[in-house]
file work.txt (compact mmCIF, C-alpha atoms)
# COMPACT_ATOMS: atom_id res chain seq x y z
CA MET A 1 61.48 70.66 148.70
CA ASN A 2 64.27 68.73 150.36
CA ILE A 3 65.05 67.01 147.07
CA ILE A 4 65.43 70.37 145.28
CA TYR A 5 67.62 71.72 148.10
CA ALA A 6 69.77 68.59 148.08
CA THR A 7 70.11 68.68 144.30
CA THR A 8 71.13 72.33 144.23
CA THR A 9 73.57 71.80 147.09
CA MET A 10 75.11 68.84 145.28
CA MET A 11 75.35 70.83 142.05
CA GLN A 12 77.01 73.69 143.96
CA GLN A 13 79.57 71.28 145.44
CA ASN A 14 80.24 69.76 142.04
CA LEU A 15 80.72 73.25 140.58
CA ASN A 16 83.14 74.17 143.38
CA ASN A 17 85.07 70.94 142.77
CA MET A 18 85.22 71.71 139.03
CA LYS A 19 86.49 75.24 139.74
CA HIS A 20 89.16 73.76 141.97
CA TYR A 21 90.28 71.18 139.39
CA LEU A 22 89.99 73.48 136.36
CA ASN A 23 91.56 76.39 138.26
CA LEU A 24 88.90 78.81 136.94
CA PRO A 25 89.13 82.43 138.06
CA SER A 26 86.54 83.82 140.41
CA LYS A 27 84.24 86.70 139.45
CA GLU A 28 86.49 89.15 141.28
CA GLN A 29 89.58 87.88 139.46
CA LEU A 30 87.79 87.81 136.13
CA PHE A 31 86.71 91.44 136.22
CA ASN A 32 89.90 92.72 137.82
CA ILE A 33 91.58 93.54 134.49
CA ASP A 34 94.37 96.04 134.14
CA TRP A 35 92.87 98.18 131.39
CA LEU A 36 96.15 99.95 130.77
CA ASP A 37 97.65 96.64 129.61
CA VAL A 38 94.69 95.98 127.32
CA THR A 39 94.80 99.52 125.90
CA GLY A 40 98.55 99.27 125.35
CA ALA A 41 98.17 95.94 123.55
CA LEU A 42 95.38 97.31 121.34
CA ALA A 43 97.48 100.39 120.55
CA LYS A 44 100.42 98.18 119.51
CA ILE A 45 98.15 96.06 117.30
CA GLY A 46 96.65 99.21 115.76
CA LEU A 47 100.10 100.68 115.12
CA ALA A 48 101.29 97.44 113.51
CA LEU A 49 98.21 97.28 111.26
CA THR A 50 98.65 100.95 110.29
CA LEU A 51 102.29 100.35 109.35
CA ILE A 52 101.33 97.28 107.30
CA VAL A 53 98.60 99.19 105.44
CA LEU A 54 100.92 102.15 104.78
CA THR A 55 103.69 99.84 103.52
CA CYS A 56 101.24 98.06 101.20
CA PHE A 57 99.98 101.41 99.89
CA VAL A 58 103.51 102.71 99.23
CA MET A 59 104.48 99.47 97.46
CA TRP A 60 101.30 99.62 95.33
CA LEU A 61 102.01 103.26 94.46
CA LEU A 62 105.64 102.56 93.51
CA ARG A 63 104.57 99.68 91.27
CA ALA A 64 101.76 101.72 89.68
CA VAL A 65 103.99 104.72 88.98
CA GLY A 66 106.71 102.47 87.55
CA LEU A 67 104.29 100.67 85.23
CA TYR A 68 102.62 103.96 84.27
CA VAL A 69 105.91 105.55 83.24
CA MET A 70 106.97 102.43 81.30
CA ALA A 71 103.62 102.35 79.49
CA ARG A 72 103.73 106.07 78.78
CA ASN A 73 107.27 105.69 77.39
CA ASN A 74 105.83 103.04 75.03
CA LYS A 75 103.17 105.60 74.02
CA ASP A 76 100.38 103.45 75.43
CA GLU A 77 97.05 105.31 75.65
CA LEU A 78 95.87 102.96 78.43
CA ALA A 79 98.83 103.70 80.74
CA TRP A 80 96.45 104.96 83.44
CA THR A 81 95.22 101.39 84.04
CA SER A 82 98.42 100.70 85.96
CA PHE A 83 96.82 102.47 88.95
CA ILE A 84 93.86 100.06 89.06
CA PRO A 85 94.44 96.83 91.02
CA PHE A 86 94.44 93.76 88.75
CA ALA A 87 94.24 96.03 85.68
CA CYS A 88 97.93 96.72 86.24
CA LEU A 89 98.50 93.14 85.02
CA PHE A 90 96.90 94.19 81.73
CA THR A 91 99.28 97.17 81.58
CA MET A 92 102.25 94.93 82.32
CA GLY A 93 101.28 92.71 79.40
CA ARG A 94 100.94 95.72 77.08
CA ILE A 95 104.41 96.92 78.05
CA VAL A 96 105.95 93.50 77.35
CA GLY A 97 104.11 93.14 74.03
CA ASP A 98 104.17 90.00 71.89
CA THR A 99 106.58 87.53 73.46
CA SER A 100 107.21 83.91 74.23
CA ILE A 101 107.05 82.55 77.76
CA TYR A 102 108.58 79.14 78.42
CA LYS A 103 108.86 78.62 74.62
CA ILE A 104 105.14 79.34 74.13
CA LYS A 105 104.51 82.21 71.69
CA ILE A 106 101.94 84.69 72.99
CA SER A 107 100.53 87.39 70.72
CA LYS A 108 98.05 89.10 73.07
CA THR A 109 100.21 89.20 76.18
CA GLU A 110 98.06 91.81 77.92
CA TRP A 111 95.18 89.34 78.24
CA VAL A 112 97.11 86.37 79.69
CA LEU A 113 97.04 87.23 83.40
CA PRO A 114 93.51 88.76 83.50
CA VAL A 115 92.06 85.70 81.72
CA ILE A 116 93.77 83.33 84.18
CA ILE A 117 92.30 85.34 87.09
CA LEU A 118 88.84 85.19 85.51
CA CYS A 119 89.21 81.41 85.13
CA MET A 120 90.04 81.14 88.83
CA ILE A 121 86.93 83.13 89.72
CA ALA A 122 84.56 81.52 87.21
CA VAL A 123 85.63 77.90 87.75
CA PRO A 124 86.54 77.47 91.44
CA ILE A 125 87.35 73.78 90.89
CA SER A 126 90.30 74.76 88.71
CA MET A 127 91.64 77.27 91.24
CA GLY A 128 94.70 75.21 92.24
CA PHE A 129 95.72 74.53 88.65
CA SER A 130 94.95 78.11 87.60
CA LEU A 131 96.97 79.48 90.50
CA ILE A 132 100.03 77.48 89.40
CA ILE A 133 99.57 78.67 85.80
CA PHE A 134 99.10 82.26 87.04
CA VAL A 135 102.30 82.22 89.10
CA LEU A 136 104.31 80.77 86.20
CA ALA A 137 102.84 83.26 83.71
CA TYR A 138 103.26 86.18 86.13
CA TYR A 139 106.92 85.52 86.75
CA GLY A 140 107.46 84.84 83.05
CA LEU A 141 105.97 88.22 82.15
CA LEU A 142 107.85 89.91 84.97
CA TYR A 143 111.09 88.44 83.63
CA ARG A 144 110.25 89.73 80.13
CA LEU A 145 109.50 93.15 81.63
CA PHE A 146 112.84 93.20 83.46
CA GLU A 147 114.58 91.95 80.33
CA LYS A 148 113.01 94.72 78.25
CA GLN A 149 114.09 97.40 80.71
CA SER A 150 117.47 95.98 81.76
CA LYS A 151 118.74 93.05 79.74
CA ASP A 152 121.92 92.59 81.79
CA SER A 153 120.31 92.23 85.22
CA ALA A 154 116.95 90.62 84.36
CA ALA A 155 117.91 87.16 85.71
CA LEU A 156 119.16 88.59 88.99
CA LEU A 157 116.08 90.79 89.39
CA ILE A 158 113.67 87.89 88.81
CA ILE A 159 115.52 85.70 91.32
CA PHE A 160 115.31 88.42 93.97
CA SER A 161 111.65 89.03 93.04
CA ILE A 162 110.82 85.37 93.63
CA ILE A 163 112.77 85.13 96.90
CA LEU A 164 111.60 88.52 98.25
CA PRO A 165 108.36 89.56 96.50
CA ILE A 166 108.30 92.87 98.39
CA LEU A 167 111.17 94.01 96.16
CA GLN A 168 109.13 93.75 92.93
CA PRO A 169 107.55 97.22 93.20
CA LEU A 170 110.95 98.73 93.95
CA PHE A 171 112.55 97.06 90.92
CA ILE A 172 109.70 98.15 88.66
CA PHE A 173 109.89 101.71 89.99
CA PHE A 174 113.66 102.02 89.63
CA LEU A 175 113.66 100.51 86.12
CA ARG A 176 110.88 102.78 84.83
CA ASN A 177 113.17 105.05 82.77
CA LYS A 178 115.98 102.60 82.08
CA ASN A 179 115.34 102.19 78.32
CA ILE A 180 114.74 105.91 77.82
CA ASN A 181 118.02 106.84 79.53
CA LYS A 182 119.98 104.48 77.23
CA SER A 183 118.51 106.02 74.11
CA LYS A 184 119.19 109.57 75.37
CA THR A 185 122.82 108.79 76.10
CA LYS A 186 123.25 107.34 72.60
CA ILE A 187 121.95 110.56 71.12
CA LYS A 188 124.26 112.70 73.27
CA THR A 189 127.41 110.69 72.54
CA GLU A 190 127.03 110.75 68.77
CA SER A 191 129.05 113.53 67.23
CA PRO A 192 128.05 115.16 63.95
CA LYS A 193 130.23 114.30 60.98
CA ALA A 194 132.09 117.25 59.60
call {"tool": "encode", "arguments": {"input": "work.txt", "output": "structure tokens"}}
result
Amino acid sequence: MNIIYATTTMMQQNLNNMKHYLNLPSKEQLFNIDWLDVTGALAKIGLALTLIVLTCFVMWLLRAVGLYVMARNNKDELAWTSFIPFACLFTMGRIVGDTSIYKIKISKTEWVLPVIILCMIAVPISMGFSLIIFVLAYYGLLYRLFEKQSKDSAALLIIFSIILPILQPLFIFFLRNKNINKSKTKIKTESPKA
């Protein structure tokens, strides 16, 4: 009995010494939390997350509407796929059409980005290599899209899109009717020959 008492006393002393050296809070200090501070911090985190989600949604919507209008202007019957995540890459390829990226001729441009994504999913070992190929192909197609809509400012738009990717949906949205407006102004300025 004395051995058990001595052992527990020694363990209690060691615990007190550890609390002293580790500067651990007591039970009273541990449960004496200012809940207003915790609630305020959680409210700020919730507000920040809400703003991030809303910003992402607005950017997705701007990009989808821009791609939809471009595809509809090209008389594409699958224009609605621009509203589906990842399928919008298919729509982007259909808008660009047959092209060459980095001097490589591509005839089925709409399948380039989806196939690269499927390769990343199907063969995880190749993910790093596929990711590099995806980024290069994505920005190549984006440049061709900008070039098709606005030949003069395509280089500047792609540079800003690489530096600040959040601007891509805005550029796509604001360029959605660029080609159509040019053709309308040509029709208006032509005068009939008398």
call {"tool": "closest_residue", "arguments": {"input": "work.txt", "among": "A:Arg63, A:Lys44, A:Lys103, A:Lys75", "to": "Ala137 (chain A)", "atoms": "all atoms listed in the file"}}
result
A:Lys103
call {"tool": "atom_distance", "arguments": {"input": "work.txt", "atom1": "CA of Leu131 (chain A)", "atom2": "CA of Leu175 (chain A)"}}
result
27.2 Å
call {"tool": "closest_residue", "arguments": {"input": "work.txt", "among": "A:Met127, A:Pro169, A:Gly46, A:Asn177", "to": "Cys88 (chain A)", "atoms": "all atoms listed in the file"}}
result
A:Pro169
call {"tool": "closest_residue", "arguments": {"input": "work.txt", "among": "A:Ile158, A:Phe90, A:Ala122, A:Thr39", "to": "Leu142 (chain A)", "atoms": "all atoms listed in the file"}}
result
A:Ile158
call {"tool": "residues_around", "arguments": {"input": "work.txt", "residues": "Thr81 (chain A)", "least_positions_apart": "3", "cutoff": "8 Å", "atoms": "only C-alpha atoms", "output": "PyMOL selection string"}}
result
chain A and resi 68+78+84+87-88+90-91
call {"tool": "closest_residue", "arguments": {"input": "work.txt", "among": "A:Ile163, A:Asp152, A:Leu113, A:Asn74", "to": "Val135 (chain A)", "atoms": "all atoms listed in the file"}}
result
A:Leu113
